[in-house]
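K.L.:
One file: protein_38.pdb (PDB, C-alpha atoms, pLDDT in the B column).
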```pdb
MODEL        1
ATOM      1  CA  MET A 943      50.678  14.211 -60.927  1.00 62.00           C
ATOM      2  CA  ASP A 944      47.360  16.062 -61.184  1.00 75.00           C
ATOM      3  CA  LEU A 945      46.113  16.791 -57.669  1.00 84.00           C
ATOM      4  CA  ALA A 946      43.721  19.550 -58.725  1.00 85.00           C
ATOM      5  CA  HIS A 947      41.126  17.171 -60.200  1.00 86.00           C
ATOM      6  CA  ILE A 948      41.010  14.721 -57.284  1.00 86.00           C
ATOM      7  CA  SER A 949      37.382  14.154 -56.280  1.00 87.00           C
ATOM      8  CA  SER A 950      37.515  11.348 -53.694  1.00 88.00           C
ATOM      9  CA  VAL A 951      39.609   9.740 -50.985  1.00 85.00           C
ATOM     10  CA  ALA A 952      40.212   6.701 -53.220  1.00 85.00           C
ATOM     11  CA  GLU A 953      41.745   8.899 -55.937  1.00 86.00           C
ATOM     12  CA  LEU A 954      43.892  10.775 -53.429  1.00 84.00           C
ATOM     13  CA  LEU A 955      45.295   7.528 -52.041  1.00 81.00           C
ATOM     14  CA  THR A 956      46.329   6.190 -55.464  1.00 83.00           C
ATOM     15  CA  ILE A 957      48.803   8.976 -56.260  1.00 82.00           C
ATOM     16  CA  GLU A 958      52.543   8.716 -55.683  1.00 80.00           C
ATOM     17  CA  HIS A 959      53.239  11.436 -53.136  1.00 82.00           C
ATOM     18  CA  PRO A 960      55.495  11.499 -50.064  1.00 79.00           C
ATOM     19  CA  HIS A 961      52.582  12.512 -47.802  1.00 83.00           C
ATOM     20  CA  PHE A 962      49.245  11.482 -49.316  1.00 77.00           C
ATOM     21  CA  GLY A 963      48.695   7.770 -49.835  1.00 64.00           C
ATOM     22  CA  ARG A 964      50.657   6.516 -46.830  1.00 64.00           C
ATOM     23  CA  ILE A 965      47.970   5.399 -44.440  1.00 64.00           C
ATOM     24  CA  HIS A 966      49.219   3.536 -41.396  1.00 61.00           C
ATOM     25  CA  PRO A 967      46.274   2.427 -39.242  1.00 59.00           C
ATOM     26  CA  PRO A 968      46.721   4.209 -35.901  1.00 59.00           C
ATOM     27  CA  GLY A 969      44.902   1.767 -33.624  1.00 63.00           C
ATOM     28  CA  PHE A 970      41.784   2.560 -31.651  1.00 63.00           C
ATOM     29  CA  LEU A 971      43.403   3.592 -28.333  1.00 61.00           C
ATOM     30  CA  LYS A 972      46.006   5.859 -29.953  1.00 59.00           C
ATOM     31  CA  THR A 973      43.401   7.539 -32.168  1.00 57.00           C
ATOM     32  CA  THR A 974      41.008   8.059 -29.269  1.00 60.00           C
ATOM     33  CA  LEU A 975      43.671   9.517 -26.943  1.00 60.00           C
ATOM     34  CA  GLY A 976      45.197  11.634 -29.695  1.00 58.00           C
ATOM     35  CA  THR A 977      41.855  12.999 -30.757  1.00 59.00           C
ATOM     36  CA  PHE A 978      41.108  14.143 -27.218  1.00 65.00           C
ATOM     37  CA  THR A 979      44.603  15.488 -26.458  1.00 68.00           C
ATOM     38  CA  GLY A 980      45.400  16.873 -29.920  1.00 78.00           C
ATOM     39  CA  THR A 981      44.021  19.842 -31.776  1.00 84.00           C
ATOM     40  CA  SER A 982      41.594  19.409 -34.639  1.00 87.00           C
ATOM     41  CA  GLN A 983      41.029  22.127 -37.209  1.00 90.00           C
ATOM     42  CA  ASN A 984      39.420  22.293 -40.629  1.00 92.00           C
ATOM     43  CA  ALA A 985      41.603  23.137 -43.593  1.00 93.00           C
ATOM     44  CA  VAL A 986      41.171  26.425 -45.443  1.00 93.00           C
ATOM     45  CA  ALA A 987      43.443  25.496 -48.359  1.00 92.00           C
ATOM     46  CA  ILE A 988      45.747  22.646 -49.334  1.00 92.00           C
ATOM     47  CA  ALA A 989      48.567  23.412 -51.759  1.00 93.00           C
ATOM     48  CA  ASP A 990      51.069  20.954 -53.219  1.00 92.00           C
ATOM     49  CA  TYR A 991      54.506  21.936 -54.536  1.00 91.00           C
ATOM     50  CA  SER A 992      55.907  18.462 -55.277  1.00 85.00           C
ATOM     51  CA  SER A 993      55.943  19.122 -59.047  1.00 83.00           C
ATOM     52  CA  GLY A 994      57.841  22.393 -58.579  1.00 84.00           C
ATOM     53  CA  ASN A 995      54.727  24.500 -59.151  1.00 87.00           C
ATOM     54  CA  ARG A 996      51.910  25.430 -56.791  1.00 90.00           C
ATOM     55  CA  GLN A 997      48.919  23.157 -57.283  1.00 90.00           C
ATOM     56  CA  ILE A 998      45.673  23.284 -55.302  1.00 90.00           C
ATOM     57  CA  VAL A 999      44.675  19.839 -54.035  1.00 89.00           C
ATOM     58  CA  ALA A1000      41.133  18.747 -54.953  1.00 89.00           C
ATOM     59  CA  VAL A1001      39.822  22.042 -56.324  1.00 89.00           C
ATOM     60  CA  GLN A1002      36.213  20.829 -56.504  1.00 89.00           C
ATOM     61  CA  ILE A1003      36.194  19.696 -52.848  1.00 91.00           C
ATOM     62  CA  ASP A1004      35.560  22.335 -50.181  1.00 92.00           C
ATOM     63  CA  PRO A1005      38.828  22.449 -48.171  1.00 91.00           C
ATOM     64  CA  ARG A1006      36.787  22.574 -44.940  1.00 92.00           C
ATOM     65  CA  ASN A1007      35.876  18.936 -45.649  1.00 93.00           C
ATOM     66  CA  PHE A1008      39.476  18.107 -44.680  1.00 93.00           C
ATOM     67  CA  MET A1009      39.909  17.796 -40.890  1.00 91.00           C
ATOM     68  CA  ILE A1010      43.445  17.909 -39.511  1.00 92.00           C
ATOM     69  CA  THR A1011      44.185  16.441 -36.078  1.00 89.00           C
ATOM     70  CA  ILE A1012      47.628  17.239 -34.685  1.00 91.00           C
ATOM     71  CA  ALA A1013      48.655  15.204 -31.648  1.00 88.00           C
ATOM     72  CA  SER A1014      52.014  14.768 -29.954  1.00 86.00           C
ATOM     73  CA  SER A1015      52.652  11.408 -31.607  1.00 86.00           C
ATOM     74  CA  PHE A1016      50.791  11.635 -34.931  1.00 86.00           C
ATOM     75  CA  VAL A1017      49.056  13.759 -37.548  1.00 89.00           C
ATOM     76  CA  LEU A1018      45.778  12.565 -39.048  1.00 87.00           C
ATOM     77  CA  VAL A1019      44.137  14.197 -42.055  1.00 89.00           C
ATOM     78  CA  THR A1020      40.651  12.989 -42.916  1.00 88.00           C
ATOM     79  CA  LEU A1021      38.318  13.871 -45.762  1.00 90.00           C
ATOM     80  CA  LYS A1022      34.573  13.968 -45.244  1.00 91.00           C
ATOM     81  CA  GLU A1023      32.744  11.842 -47.808  1.00 87.00           C
ATOM     82  CA  ASN A1024      29.049  11.146 -47.484  1.00 82.00           C
ATOM     83  CA  ALA A1025      28.424  10.495 -43.782  1.00 84.00           C
ATOM     84  CA  SER A1026      31.943   9.534 -42.658  1.00 85.00           C
ATOM     85  CA  ARG A1027      35.489  10.847 -42.494  1.00 85.00           C
ATOM     86  CA  ARG A1028      38.089   8.695 -44.211  1.00 86.00           C
ATOM     87  CA  PRO A1029      41.824   9.112 -43.532  1.00 86.00           C
ATOM     88  CA  VAL A1030      43.996  10.437 -46.346  1.00 87.00           C
ATOM     89  CA  ILE A1031      47.163  10.978 -44.310  1.00 87.00           C
ATOM     90  CA  HIS A1032      48.175   9.326 -41.086  1.00 86.00           C
ATOM     91  CA  LYS A1033      51.768   9.731 -39.999  1.00 87.00           C
ATOM     92  CA  THR A1034      53.244   8.798 -36.671  1.00 87.00           C
ATOM     93  CA  TRP A1035      55.801  11.372 -35.713  1.00 91.00           C
ATOM     94  CA  LYS A1036      58.030  12.678 -32.956  1.00 94.00           C
ATOM     95  CA  MET A1037      58.617  16.300 -32.009  1.00 95.00           C
ATOM     96  CA  VAL A1038      62.230  17.258 -32.639  1.00 96.00           C
ATOM     97  CA  GLY A1039      62.073  20.961 -31.804  1.00 94.00           C
ATOM     98  CA  GLN A1040      59.969  23.964 -30.950  1.00 92.00           C
ATOM     99  CA  ARG A1041      60.622  27.676 -31.353  1.00 87.00           C
ATOM    100  CA  LYS A1042      58.486  30.403 -29.790  1.00 83.00           C
ATOM    101  CA  GLY A1043      58.237  34.148 -29.803  1.00 70.00           C
ATOM    102  CA  GLU A1044      60.757  36.634 -31.044  1.00 60.00           C
ATOM    103  CA  GLU A1045      63.295  34.205 -32.485  1.00 59.00           C
ATOM    104  CA  VAL A1046      60.617  33.090 -34.963  1.00 54.00           C
ATOM    105  CA  THR A1047      60.170  36.529 -36.489  1.00 54.00           C
ATOM    106  CA  GLU A1048      59.644  35.245 -40.036  1.00 60.00           C
ATOM    107  CA  PHE A1049      56.700  33.099 -38.950  1.00 59.00           C
ATOM    108  CA  PHE A1050      55.606  34.799 -35.701  1.00 70.00           C
ATOM    109  CA  GLY A1051      54.068  32.700 -32.932  1.00 83.00           C
ATOM    110  CA  THR A1052      55.191  29.122 -32.374  1.00 89.00           C
ATOM    111  CA  VAL A1053      56.772  26.583 -34.723  1.00 90.00           C
ATOM    112  CA  SER A1054      56.807  22.909 -33.714  1.00 94.00           C
ATOM    113  CA  THR A1055      59.037  20.658 -35.839  1.00 95.00           C
ATOM    114  CA  TYR A1056      58.301  16.932 -36.223  1.00 96.00           C
ATOM    115  CA  MET A1057      59.983  13.987 -37.940  1.00 95.00           C
ATOM    116  CA  ASP A1058      57.559  11.341 -39.196  1.00 91.00           C
ATOM    117  CA  SER A1059      57.904   7.559 -39.514  1.00 86.00           C
ATOM    118  CA  ASP A1060      59.017   7.934 -43.163  1.00 87.00           C
ATOM    119  CA  GLY A1061      61.832  10.320 -42.211  1.00 90.00           C
ATOM    120  CA  LEU A1062      60.017  13.407 -43.537  1.00 92.00           C
ATOM    121  CA  LYS A1063      60.029  16.731 -41.687  1.00 96.00           C
ATOM    122  CA  TRP A1064      56.837  18.632 -40.781  1.00 95.00           C
ATOM    123  CA  GLU A1065      56.313  22.055 -39.226  1.00 95.00           C
ATOM    124  CA  HIS A1066      53.198  23.195 -37.395  1.00 94.00           C
ATOM    125  CA  ARG A1067      53.117  27.000 -37.312  1.00 90.00           C
ATOM    126  CA  PHE A1068      50.522  28.373 -34.901  1.00 88.00           C
ATOM    127  CA  GLU A1069      49.584  31.145 -32.417  1.00 84.00           C
ATOM    128  CA  ARG A1070      50.475  33.775 -35.015  1.00 79.00           C
ATOM    129  CA  PRO A1071      47.639  36.304 -35.330  1.00 77.00           C
ATOM    130  CA  PRO A1072      46.640  37.735 -37.710  1.00 75.00           C
ATOM    131  CA  HIS A1073      48.099  34.939 -39.882  1.00 80.00           C
ATOM    132  CA  GLU A1074      46.466  31.530 -40.215  1.00 86.00           C
ATOM    133  CA  ASP A1075      47.973  28.417 -38.687  1.00 91.00           C
ATOM    134  CA  GLU A1076      49.784  26.126 -41.127  1.00 93.00           C
ATOM    135  CA  LEU A1077      50.914  22.520 -41.290  1.00 95.00           C
ATOM    136  CA  ILE A1078      53.794  22.116 -43.733  1.00 95.00           C
ATOM    137  CA  GLY A1079      55.195  18.829 -45.011  1.00 94.00           C
ATOM    138  CA  PHE A1080      58.740  18.872 -46.400  1.00 95.00           C
ATOM    139  CA  GLY A1081      60.206  16.612 -49.081  1.00 91.00           C
ATOM    140  CA  SER A1082      63.302  14.473 -48.690  1.00 88.00           C
ATOM    141  CA  THR A1083      65.552  17.336 -49.827  1.00 90.00           C
ATOM    142  CA  GLY A1084      64.000  19.876 -47.418  1.00 91.00           C
ATOM    143  CA  GLU A1085      61.705  21.738 -49.825  1.00 92.00           C
ATOM    144  CA  GLU A1086      58.137  22.643 -48.826  1.00 93.00           C
ATOM    145  CA  VAL A1087      56.004  20.029 -50.590  1.00 93.00           C
ATOM    146  CA  LEU A1088      52.612  20.243 -48.897  1.00 93.00           C
ATOM    147  CA  ILE A1089      51.125  23.333 -47.224  1.00 94.00           C
ATOM    148  CA  ILE A1090      47.845  22.991 -45.360  1.00 95.00           C
ATOM    149  CA  THR A1091      46.417  26.304 -44.192  1.00 94.00           C
ATOM    150  CA  LEU A1092      44.251  25.747 -41.128  1.00 94.00           C
ATOM    151  CA  GLU A1093      41.082  27.480 -40.041  1.00 88.00           C
ATOM    152  CA  SER A1094      41.902  30.125 -37.447  1.00 76.00           C
ATOM    153  CA  PHE A1095      40.386  30.464 -34.002  1.00 63.00           C
ATOM    154  CA  TYR A1096      40.427  34.232 -34.435  1.00 56.00           C
ATOM    155  CA  PRO A1097      38.735  36.252 -37.194  1.00 52.00           C
ATOM    156  CA  THR A1098      40.842  37.026 -40.254  1.00 46.00           C
ATOM    157  CA  PRO A1099      39.135  38.881 -43.078  1.00 47.00           C
ATOM    158  CA  ALA A1100      39.658  37.484 -46.568  1.00 45.00           C
ATOM    159  CA  PRO A1101      41.925  39.592 -48.830  1.00 44.00           C
ATOM    160  CA  GLY A1102      39.978  42.406 -50.445  1.00 42.00           C
ATOM    161  CA  VAL A1103      37.066  42.085 -48.003  1.00 39.00           C
ATOM    162  CA  SER A1104      36.614  44.679 -45.298  1.00 37.00           C
ATOM    163  CA  ALA A1105      35.328  43.573 -41.928  1.00 38.00           C
ATOM    164  CA  VAL A1106      31.941  44.825 -40.786  1.00 39.00           C
ATOM    165  CA  ILE A1107      30.940  45.059 -37.137  1.00 38.00           C
ATOM    166  CA  ILE A1108      27.225  44.828 -36.411  1.00 41.00           C
ATOM    167  CA  SER A1109      26.015  45.986 -33.038  1.00 38.00           C
ATOM    168  CA  PRO A1110      22.491  45.546 -31.715  1.00 45.00           C
ATOM    169  CA  SER A1111      20.377  48.694 -31.605  1.00 43.00           C
ATOM    170  CA  HIS A1112      18.749  49.692 -28.341  1.00 44.00           C
TER     171      HIS A1112
ENDMDL
END
```
What's the C-alpha cells form of this structure?
P.N.:
Amino acid sequence: MDLAHISSVAELLTIEHPHFGRIHPPGFLKTTLGTFTGTSQNAVAIADYSSGNRQIVAVQIDPRNFMITIASSFVLVTLKENASRRPVIHKTWKMVGQRKGEEVTEFFGTVSTYMDSDGLKWEHRFERPPHEDELIGFGSTGEEVLIITLESFYPTPAPGVSAVIISPSH
C-alpha cells in the first residue's frame, strides 16, 4: 500500500486501510451539531504504520489541507480539494475512557480513548504543551496504525529553528 503518492480524495478512498476509505455519511443534523460542539484542527503531519514502517500520507499534499473534527460521537477528517472539503474518514465512536494529569506522564496532558463503529480504538492526546496534540488510530491487534499530528493552539518552534520575539520600537 503506497500512501505517500496519494494526490486526491478519490485515491485515498480506494486503498484497503482500517481507517481511510470507510466513509459512513453522518447525516446533516449530527454533522452540524458535532461541528459546533467538537474541536476542529488542521493536521501538521499524517503518518501511517500499517505496513510496519512509517509512511507519510500524501507527501505532495500540504497536511494543513486535512481538517480534523473531533466530537463526542464521531471523528471526521476532510481533505480540501479545489473549493470544497471532502471526507476521507468518518467514524462514529463512543468514549470509553479518559486520563488526565500526572497519571499520564508518558503523554502529559489528557488522553481520551474512543472505540469506533468498526471496533477500532482511537486516542486523542491533547492539552500537553509544549507537545502537539495527536489523534492516533490503532489496528485490530492494538498497534498504532495511523498518527495524525494536529496543529497546536500554542506556539511550538520547529526542530532546529530558534524562536524570535519581535517587539515594536517606541
K.L.:
Which value, in Å to one decimal, gives the distance between atom CA of Ala1013 of chain A and atom CA of Thr981 of chain A?
P.N.:
6.6 Å
K.L.:
Pick out the residues sitting within 10 Å of Val1001 of chain A, and hand them over as an MDAnalysis selection string; count all atoms listed in the file, and ignore anything fewer than 2 positions along from it in its own chain.
P.N.:
chainID A and resid 945:949 987:989 997:999 1003:1005
K.L.:
Could you spell out the hits of the PyMOL selection byres ((chain A and resi 1088) around 9) on the shown file, as a ChimeraX atom specification?
P.N.:
/A:961,988-992,1077-1081,1086-1087,1089-1090
K.L.:
Which residue, A:Met1009, A:Met1037, A:Ala985, A:Val1017, has the smallest gap to Leu1092 of chain A when you use all atoms listed in the file?
P.N.:
A:Ala985
K.L.:
Any chance you could resolve the PyMOL selection byres ((chain A and resi 951) around 9) against this file and give the residues as a list in words?
P.N.:
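Checked against the file, the PyMOL selection byres ((chain A and resi 951) around 9) matches Ile948, Ser949, Ser950, Ala952, Glu953, Leu954, Leu955, Thr956, Thr1020, Leu1021, Lys1022, Glu1023, Arg1028, Pro1029 and Val1030 of chain A.
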K.L.:
List every protein, DNA or RNA residue with an atom no more than 12 Å from (54.3, 26.2, -36.6) in the file's coordinates, counting all atoms listed in the file, and format the result as a count of residues only.
P.N.:
36
K.L.:
Could you tell me which of A:Pro960, A:Gly994, A:Pro1071, A:Gly980 comes closest to Asp1058 of chain A if we count only C-alpha atoms?
P.N.:
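Among A:Pro960, A:Gly994, A:Pro1071, A:Gly980, it is A:Pro960 that comes nearest to Asp1058 of chain A.
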K.L.:
With distances taken over only C-alpha atoms, which residue among A:Ser993, A:Thr1083, A:Ser1094, A:Ser1059 lies nearest His959 of chain A?
P.N.:
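The answer is A:Ser993, which sits nearest to His959 of chain A.
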K.L.:
Go through A:Ser1082, A:Glu1093, A:Lys1036, A:Lys1063 and flag the residue nearest Asn1007 of chain A, using only C-alpha atoms for the distances.
P.N.:
A:Glu1093
K.L.:
Quick one: axis-aligned box around all listed atoms of segment 992-1002 of chain A, 5 Å on every side, centre and edge lengths in Å to one decimal, written as JSON.
P.N.:
```
{"center_x": 47.0, "center_y": 21.9, "center_z": -56.6, "size_x": 31.6, "size_y": 17.0, "size_z": 15.1}
```
K.L.:
Any chance you could resolve the PyMOL selection byres ((chain A and resi 982) around 6) against this file and give the residues as a list in words?
P.N.:
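This file gives the following for the PyMOL selection byres ((chain A and resi 982) around 6): Thr981, Gln983, Ile1010 and Thr1011 of chain A.
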K.L.:
Between atom CA of Asn984 of chain A and atom CA of Arg1006 of chain A, what is the distance, to one decimal in Å?
P.N.:
5.1 Å
K.L.:
Have a look at A:Thr1034, A:Asn995, A:Gln1002, A:Ser1026 and name the one nearest to Leu1062 of chain A; count all atoms listed in the file.
P.N.:
A:Thr1034
K.L.:
What does the structure give for the distance between atom CA of Val1019 of chain A and atom CA of Trp1035 of chain A, in Å to one decimal?
P.N.:
13.6 Å
